[in-house]
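Comments concern the structure below.
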Amino acid sequence: MAVQTRFDKKGGRSDYPYYRQVWIKVVLFLLTAALFPLIVIGGGVTSYIFNKLEMQLLDDVRHQVRAHQLAIDNFLDERERGLKMMAALHSLEELTGPGRLDSVFNMLNVRMPGFQDLGVIDMKGRHLAYTGSYALASQNYKGEAWFLSLAERDSYISDVFTGFRKIPHFIIAVKQGRGDDAFILRATVDSNRFDLLVAEGLDNISADSFIVNRNGLFQTTPRQTGELLGHSGIHPDPETKAIEISSNGDELTVMLWQEKVPWLNVVRVKSHLLYADLDRSRLAVLLTFLIGIGLIVSTVLLTTGNLVRLLEAKGRRLRVLDEQLRRSSYLSATLELSMGFFEEIKDILSNIDASVKWLTGRGPETGPSELTESVSQIAGEASRAHQLVEKFSIYIRDEDPIVTEVYMNDLLDDLLSFMQRMMAHRDIQIDRDFQKSLPALRSDRRKLRQVFQNLLLNAVSALKNGGTIYLTTRAEGNGVTVVISDNGPGIHDTDLARVFEPLYTTKPRGAGLGLSMCRTILDQLGGSISVMSRSGEGAAFTVTLPEKMLHAC
């Protein structure tokens with residue numbers, strides 16, 4: 001992996017972008033690994049559970065509506081059976097006797113409250129006896145729908161109608177006997193009591209419960225919208241026997257036909273009220289889910305953030321060690337170059353020493369011109385030594401990174417001047433092929449000098465028994481290419497792929513840092529390095545400095 005680097009204001013290197021990229025990748029991986037199962041599995045399981053709970057809630061609504069239907073049917077069935085029992089236990093003479101019907105009416109209301117009046121009617125529709133608060137004793141019912149229905153049945157529960165009293169009500173009528181002895185016991189149901197029974201709706205749910213007939217007319221008074229005998233807007237389907245559940249916006253409607261009478265039991269409830277507990281549970285789960293995600297994200301961010309900070313701290317320490325290693329490598333290479341420098345100094349000192357000895361041992365015959373020549377020679381050698389020491393001290397000085405104009409031909413000549421004596425002792429020749437008027441580079445002179453110093457020293461090291469080092473500079477396109485080659489033993493194929501690896505060396509006393517540092521430095525400066533070699537045919541290192549480093553002369 002290529003480490004992305006940048007330089008700070010002091011020329012130091014920072015790996016911050018690289019660590020941030022690694023941090024982002026690690027965070028995304030950990031969050032995906034942690035949240036994907038949570039969202040997919042947890043979300044799927046939660047959705048399944050809440051769907052089951054919603055279905056269970058609707059099943060509970062169905063059970064309650066069916067129980068409500070049963071309660072209404074029981075209410076009507078009990079009163080119908082009560083009337084039948086009274087008609088069976090008492091003859092027509094008993095029921096029409098003075099005060100007898102009042103006694104039966106009171107007995108019925110004690111055992112099964114809910115009747116408003118009671119009447120005995122013959123098969124011609126005439127009232128034979130009546131007890132109640134309405135003036136109905138003189139009314140004849142032979143043309144009424146409920147009366148006509150009793151011709152074919154023994155009991156009848158009517159729809160709500162206004163009748164002779166002009167007030168909405170419904171009746172329960174039973175027929176007793178056959179032929180001329182037959183009579184009808186008719187009772188009006190207490191509408192208020194029946195409305196309360198119907199309006200009870202569902203347990204623990206604020207619902208609007210009412211009854212409509214086959215024509216969609218209200219048979220009980222709804223709480224919300226509509227009035228008794230008004231149209232409900234519902235168009236019942238008498239063929240449907242199962243419970244129907246429909247949703248209209250925020251309103252849920254449940255409908256079921258009564259078994260006792262052709263009435264449709266309707267329950268309307270606001271969805272937000274029905275699902276209130278379920279919605280609160282959903283909200284609680286969602287909050288728990290979000291808190292869990294927040295904790296996971298926070299934990300991942302804090303943990304990885306701390307790790308990145310530790311890596312950055314380690315990176316800073318490694319960079320310090322790296323700089324120290326580079327400095328050591330640079331000083332080590334410089335020490336090799338210094339051998340020629342010290343020999344130059346030694347020659348200068350020998351010349352000075354010889355001149356001094358000559359002066360101290362001169363005879364009386366020595367003339368002023370000879371003295372002057374010897375002193376001039378001493379002064380010249382001292383000046384040369386001073387210049388040489390100054391040049392060497394500048395060369396090995398640890399400078400801050402500075403981007404300046406660098407002339408590659410001059411830089412290489414500078415290096416070769418320090419290595420001249422070393423190469424002469426080792427019988428190494430230098431073959432320069434420098435392109436004239438080579439463009440100047442905008443780069444760090446010290447770092448480029450370190451690169452080519454390492455490459456030249458490697459070439460010198462390879463030529464143990466003498467040979468030739470070839471230096472070529474060319475301006476190619478908008479770049480500069482430098483080739484340093486030799487006619488030494490070359491690099492073995494097994495070593496060629498690893499020559500730029502840190503700490504890899506084929507030298508007995510090598511540190512394995514020279515070529516690795518060359519590539520690192522060139523990477524930082526935007527350049528590149530490559531090698532070509534065959535065993536026994538020497539090696540050639542090509543350094544390419546890219547277009548962005550060029551500055552037109």
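Labels for the structure tokens follow display order: chains A, B, ..., residues from 1 in each chain, ligands from 1.
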
Would you please give, as a VMD selection string, all residues of stretch 11-196 of chain A that DSSP assigns to strand (DSSP E) based on the backbone? chain A and resid 13 to 14 115 to 122 127 to 131 155 to 157 171 to 176 183 to 189

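Excluding A:Leu148 and any residue on its chain fewer than 3 positions from it, the residues at most 12 Å away by only C-alpha atoms are Met123, Lys124, Gly125, Tyr141, Lys142, Gly143, Glu144, Ala145, Ala151, Glu152, Arg153, Asp154, Ser155, Tyr156, Ser158, Ala173, Lys175 and Ile184 of chain A.
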
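Closest approach to A:Gln56 from the set A:Ala187, A:Leu278, A:Val531, A:Leu456 is made by A:Leu278, with distances taken over only C-alpha atoms.
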
Write out as number ranges by chain the residues lying within 12 Å of A:Ser246, counting only C-alpha atoms and excluding same-chain residues fewer than 2 positions away. A: 58, 234, 243-244, 248-256, 266-271

Would you put the residues from that selection into a file with N, CA and C atoms, as an mmCIF file, in the first residue's frame?
data_model
loop_
_atom_site.group_PDB
_atom_site.id
_atom_site.type_symbol
_atom_site.label_atom_id
_atom_site.label_comp_id
_atom_site.auth_asym_id
_atom_site.auth_seq_id
_atom_site.Cartn_x
_atom_site.Cartn_y
_atom_site.Cartn_z
ATOM 1 N N LEU A 58 -56.135 -7.153 16.012
ATOM 2 C CA LEU A 58 -57.336 -7.226 15.174
ATOM 3 C C LEU A 58 -58.165 -8.466 15.515
ATOM 4 N N ILE A 234 -73.663 3.473 5.030
ATOM 5 C CA ILE A 234 -73.223 2.080 4.868
ATOM 6 C C ILE A 234 -74.250 1.355 4.005
ATOM 7 N N ILE A 243 -66.995 -11.460 9.762
ATOM 8 C CA ILE A 243 -66.684 -10.113 10.243
ATOM 9 C C ILE A 243 -65.904 -9.379 9.151
ATOM 10 N N GLU A 244 -66.352 -8.168 8.866
ATOM 11 C CA GLU A 244 -65.662 -7.328 7.890
ATOM 12 C C GLU A 244 -64.923 -6.216 8.616
ATOM 13 N N ASN A 248 -60.553 3.486 6.731
ATOM 14 C CA ASN A 248 -60.759 4.707 5.965
ATOM 15 C C ASN A 248 -60.034 5.843 6.672
ATOM 16 N N GLY A 249 -58.809 6.116 6.193
ATOM 17 C CA GLY A 249 -58.006 7.141 6.859
ATOM 18 C C GLY A 249 -57.622 6.694 8.252
ATOM 19 N N ASP A 250 -57.996 7.477 9.255
ATOM 20 C CA ASP A 250 -57.650 7.167 10.640
ATOM 21 C C ASP A 250 -58.759 6.388 11.333
ATOM 22 N N GLU A 251 -59.738 5.909 10.570
ATOM 23 C CA GLU A 251 -60.890 5.241 11.174
ATOM 24 C C GLU A 251 -60.957 3.794 10.722
ATOM 25 N N LEU A 252 -61.162 2.916 11.689
ATOM 26 C CA LEU A 252 -61.293 1.482 11.424
ATOM 27 C C LEU A 252 -62.745 1.091 11.676
ATOM 28 N N THR A 253 -63.363 0.417 10.718
ATOM 29 C CA THR A 253 -64.768 0.005 10.827
ATOM 30 C C THR A 253 -64.848 -1.515 10.844
ATOM 31 N N VAL A 254 -65.553 -2.032 11.862
ATOM 32 C CA VAL A 254 -65.748 -3.478 11.999
ATOM 33 C C VAL A 254 -67.255 -3.736 11.929
ATOM 34 N N MET A 255 -67.674 -4.680 11.063
ATOM 35 C CA MET A 255 -69.103 -4.944 10.857
ATOM 36 C C MET A 255 -69.383 -6.443 10.947
ATOM 37 N N LEU A 256 -70.529 -6.773 11.588
ATOM 38 C CA LEU A 256 -70.940 -8.169 11.739
ATOM 39 C C LEU A 256 -72.459 -8.212 11.858
ATOM 40 N N VAL A 266 -72.214 -2.466 13.918
ATOM 41 C CA VAL A 266 -71.096 -1.680 13.397
ATOM 42 C C VAL A 266 -70.323 -1.052 14.552
ATOM 43 N N VAL A 267 -69.022 -1.213 14.511
ATOM 44 C CA VAL A 267 -68.133 -0.584 15.504
ATOM 45 C C VAL A 267 -67.100 0.240 14.756
ATOM 46 N N ARG A 268 -67.031 1.526 15.066
ATOM 47 C CA ARG A 268 -66.032 2.412 14.461
ATOM 48 C C ARG A 268 -65.108 2.916 15.551
ATOM 49 N N VAL A 269 -63.827 2.813 15.277
ATOM 50 C CA VAL A 269 -62.835 3.232 16.265
ATOM 51 C C VAL A 269 -61.707 3.965 15.550
ATOM 52 N N LYS A 270 -61.174 4.982 16.186
ATOM 53 C CA LYS A 270 -60.039 5.700 15.634
ATOM 54 C C LYS A 270 -58.801 4.802 15.682
ATOM 55 N N SER A 271 -58.126 4.712 14.554
ATOM 56 C CA SER A 271 -56.966 3.813 14.484
ATOM 57 C C SER A 271 -55.907 4.189 15.512
#

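Shortest separation to A:Phe170 among A:Gln139, A:Ala87, A:Glu239, A:Leu76 occurs at residue A:Leu76, atoms counted being only C-alpha atoms.
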
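Using only C-alpha atoms for every distance, the candidate list A:Asp181, A:Asp208, A:Asp413, A:Asp431 yields A:Asp208 as the residue closest to A:Asn265.
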
Skip A:Asn109 itself and residues of its chain fewer than 4 positions away, then list as a PyMOL selection string all residues within 12 Å of it, counting only C-alpha atoms. chain A and resi 78-79+82-83+102-105+113-118+187-190

Next, write the just-selected residues to a file, as a compact mmCIF listing (two decimals), in the first residue's frame, keeping all heavy atoms as the atom set.
# COMPACT_ATOMS: atom_id res chain seq x y z
N GLU A 78 -83.56 -13.08 25.23
CA GLU A 78 -84.14 -13.19 26.58
C GLU A 78 -85.51 -12.54 26.65
O GLU A 78 -86.45 -13.09 27.25
CB GLU A 78 -83.19 -12.54 27.59
CG GLU A 78 -81.97 -13.37 27.93
CD GLU A 78 -81.06 -12.65 28.91
OE1 GLU A 78 -81.40 -11.51 29.30
OE2 GLU A 78 -80.03 -13.23 29.30
N ARG A 79 -85.64 -11.37 26.06
CA ARG A 79 -86.93 -10.67 26.13
C ARG A 79 -87.99 -11.36 25.26
O ARG A 79 -89.18 -11.39 25.61
CB ARG A 79 -86.75 -9.22 25.73
CG ARG A 79 -86.24 -8.42 26.94
CD ARG A 79 -85.11 -7.47 26.63
NE ARG A 79 -84.54 -6.96 27.89
CZ ARG A 79 -83.60 -7.59 28.57
NH1 ARG A 79 -83.13 -8.75 28.15
NH2 ARG A 79 -83.14 -7.08 29.69
N GLY A 82 -88.94 -14.30 27.25
CA GLY A 82 -89.77 -13.85 28.39
C GLY A 82 -91.22 -13.62 27.98
O GLY A 82 -92.16 -14.02 28.70
N LEU A 83 -91.40 -12.97 26.82
CA LEU A 83 -92.76 -12.75 26.33
C LEU A 83 -93.45 -14.07 26.00
O LEU A 83 -94.64 -14.28 26.30
CB LEU A 83 -92.73 -11.85 25.10
CG LEU A 83 -92.40 -10.38 25.33
CD1 LEU A 83 -92.31 -9.65 24.00
CD2 LEU A 83 -93.43 -9.71 26.22
N ASP A 102 -100.92 -5.49 33.99
CA ASP A 102 -99.96 -4.66 34.74
C ASP A 102 -99.05 -5.53 35.59
O ASP A 102 -97.83 -5.28 35.70
CB ASP A 102 -100.72 -3.68 35.64
CG ASP A 102 -101.43 -2.61 34.84
OD1 ASP A 102 -101.00 -2.36 33.69
OD2 ASP A 102 -102.39 -2.04 35.36
N SER A 103 -99.60 -6.57 36.18
CA SER A 103 -98.81 -7.48 37.02
C SER A 103 -97.78 -8.22 36.17
O SER A 103 -96.61 -8.36 36.56
CB SER A 103 -99.74 -8.47 37.72
OG SER A 103 -98.99 -9.42 38.44
N VAL A 104 -98.23 -8.71 35.00
CA VAL A 104 -97.29 -9.40 34.10
C VAL A 104 -96.18 -8.45 33.63
O VAL A 104 -95.00 -8.82 33.58
CB VAL A 104 -98.06 -9.99 32.89
CG1 VAL A 104 -97.08 -10.52 31.85
CG2 VAL A 104 -99.00 -11.10 33.35
N PHE A 105 -96.55 -7.20 33.30
CA PHE A 105 -95.58 -6.21 32.84
C PHE A 105 -94.52 -5.92 33.92
O PHE A 105 -93.31 -5.88 33.64
CB PHE A 105 -96.31 -4.92 32.45
CG PHE A 105 -95.42 -3.83 31.98
CD1 PHE A 105 -94.69 -3.92 30.80
CD2 PHE A 105 -95.27 -2.67 32.75
CE1 PHE A 105 -93.87 -2.89 30.38
CE2 PHE A 105 -94.44 -1.65 32.34
CZ PHE A 105 -93.73 -1.76 31.15
N PRO A 113 -85.24 -6.24 32.77
CA PRO A 113 -85.60 -4.84 32.52
C PRO A 113 -85.40 -4.47 31.05
O PRO A 113 -84.55 -5.03 30.36
CB PRO A 113 -84.64 -4.07 33.41
CG PRO A 113 -84.16 -5.06 34.42
CD PRO A 113 -84.17 -6.39 33.74
N GLY A 114 -86.19 -3.51 30.59
CA GLY A 114 -85.98 -3.03 29.23
C GLY A 114 -87.26 -2.85 28.45
O GLY A 114 -87.20 -2.49 27.27
N PHE A 115 -88.43 -3.09 29.06
CA PHE A 115 -89.70 -2.90 28.35
C PHE A 115 -90.31 -1.56 28.73
O PHE A 115 -90.29 -1.14 29.89
CB PHE A 115 -90.69 -4.03 28.69
CG PHE A 115 -90.26 -5.38 28.14
CD1 PHE A 115 -89.88 -6.42 29.00
CD2 PHE A 115 -90.25 -5.61 26.77
CE1 PHE A 115 -89.49 -7.64 28.49
CE2 PHE A 115 -89.85 -6.84 26.28
CZ PHE A 115 -89.48 -7.85 27.14
N GLN A 116 -90.94 -0.92 27.75
CA GLN A 116 -91.62 0.35 27.99
C GLN A 116 -93.14 0.19 28.14
O GLN A 116 -93.77 0.94 28.88
CB GLN A 116 -91.34 1.34 26.85
CG GLN A 116 -89.94 1.92 26.89
CD GLN A 116 -89.75 2.96 25.80
OE1 GLN A 116 -90.24 2.82 24.68
NE2 GLN A 116 -89.01 4.02 26.13
N ASP A 117 -93.71 -0.74 27.40
CA ASP A 117 -95.15 -1.00 27.51
C ASP A 117 -95.42 -2.42 27.08
O ASP A 117 -94.53 -3.13 26.58
CB ASP A 117 -95.97 0.00 26.69
CG ASP A 117 -95.65 -0.05 25.20
OD1 ASP A 117 -94.94 -0.99 24.77
OD2 ASP A 117 -96.10 0.84 24.45
N LEU A 118 -96.67 -2.85 27.28
CA LEU A 118 -97.06 -4.22 26.95
C LEU A 118 -98.52 -4.21 26.51
O LEU A 118 -99.36 -3.55 27.14
CB LEU A 118 -96.87 -5.14 28.16
CG LEU A 118 -97.13 -6.62 27.97
CD1 LEU A 118 -96.13 -7.22 26.98
CD2 LEU A 118 -97.05 -7.36 29.31
N ALA A 187 -94.57 -6.03 22.97
CA ALA A 187 -93.89 -5.15 23.94
C ALA A 187 -92.96 -4.20 23.18
O ALA A 187 -92.35 -4.57 22.17
CB ALA A 187 -93.09 -5.97 24.94
N THR A 188 -92.85 -2.99 23.71
CA THR A 188 -91.91 -2.00 23.17
C THR A 188 -90.66 -2.02 24.02
O THR A 188 -90.73 -1.95 25.25
CB THR A 188 -92.52 -0.59 23.17
OG1 THR A 188 -93.72 -0.62 22.40
CG2 THR A 188 -91.55 0.41 22.58
N VAL A 189 -89.51 -2.10 23.37
CA VAL A 189 -88.23 -2.16 24.08
C VAL A 189 -87.81 -0.74 24.46
O VAL A 189 -87.96 0.21 23.68
CB VAL A 189 -87.15 -2.83 23.22
CG1 VAL A 189 -85.80 -2.83 23.93
CG2 VAL A 189 -87.57 -4.25 22.87
N ASP A 190 -87.27 -0.62 25.67
CA ASP A 190 -86.74 0.67 26.15
C ASP A 190 -85.54 1.07 25.27
O ASP A 190 -84.46 0.45 25.35
CB ASP A 190 -86.34 0.54 27.61
CG ASP A 190 -85.90 1.88 28.21
OD1 ASP A 190 -85.65 2.84 27.44
OD2 ASP A 190 -85.79 1.95 29.44

Please give the complete set of residues from stretch 16-246 of chain A that DSSP, run on the backbone, assigns to helix (DSSP H, G or I), formatted as a VMD selection string. chain A and resid 16 to 89 92 to 96 100 to 111 145 to 149 179 to 181 191 to 199

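You will find atom CA of A:Phe541 at 6.2 Å from atom CA of A:Ser485.
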
Which one is closest to A:Met408: A:Val174, A:Ile245, A:Leu448, A:Leu302? Count only C-alpha atoms. A:Leu448

All residues 7 Å or closer to A:Gln219, only C-alpha atoms, same chain fewer than 3 positions away omitted, as a VMD selection string: chain A and resid 160 211 to 213 228 to 229

Quick one: write out the picked residues with N, CA, C and O atoms as a PDB file, in the first residue's frame?
ATOM      1  N   VAL A 160     -86.549  -0.354  13.780  1.00  0.00           N
ATOM      2  CA  VAL A 160     -86.993   0.856  14.454  1.00  0.00           C
ATOM      3  C   VAL A 160     -87.943   1.607  13.507  1.00  0.00           C
ATOM      4  O   VAL A 160     -87.660   1.780  12.323  1.00  0.00           O
ATOM      5  N   ILE A 211     -76.099   0.215  15.410  1.00  0.00           N
ATOM      6  CA  ILE A 211     -76.711  -0.827  14.588  1.00  0.00           C
ATOM      7  C   ILE A 211     -77.433  -0.160  13.422  1.00  0.00           C
ATOM      8  O   ILE A 211     -78.084   0.881  13.588  1.00  0.00           O
ATOM      9  N   VAL A 212     -77.285  -0.772  12.241  1.00  0.00           N
ATOM     10  CA  VAL A 212     -78.041  -0.335  11.066  1.00  0.00           C
ATOM     11  C   VAL A 212     -78.821  -1.524  10.521  1.00  0.00           C
ATOM     12  O   VAL A 212     -78.428  -2.686  10.712  1.00  0.00           O
ATOM     13  N   ASN A 213     -79.914  -1.206   9.821  1.00  0.00           N
ATOM     14  CA  ASN A 213     -80.705  -2.288   9.230  1.00  0.00           C
ATOM     15  C   ASN A 213     -80.229  -2.582   7.810  1.00  0.00           C
ATOM     16  O   ASN A 213     -79.214  -2.051   7.363  1.00  0.00           O
ATOM     17  N   LEU A 228     -80.827   8.770  14.799  1.00  0.00           N
ATOM     18  CA  LEU A 228     -81.660   7.588  14.711  1.00  0.00           C
ATOM     19  C   LEU A 228     -82.555   7.653  13.469  1.00  0.00           C
ATOM     20  O   LEU A 228     -83.175   8.689  13.189  1.00  0.00           O
ATOM     21  N   LEU A 229     -82.582   6.571  12.704  1.00  0.00           N
ATOM     22  CA  LEU A 229     -83.335   6.422  11.451  1.00  0.00           C
ATOM     23  C   LEU A 229     -82.734   7.231  10.299  1.00  0.00           C
ATOM     24  O   LEU A 229     -83.284   7.224   9.205  1.00  0.00           O
TER      25      LEU A 229
END

So which residues touch A:Leu525 within 10 Å, counting only C-alpha atoms, skipping near sequence neighbours fewer than 2 positions away, as a PyMOL selection string? chain A and resi 442-444+447-448+519-523+527-528+545-546+548-549
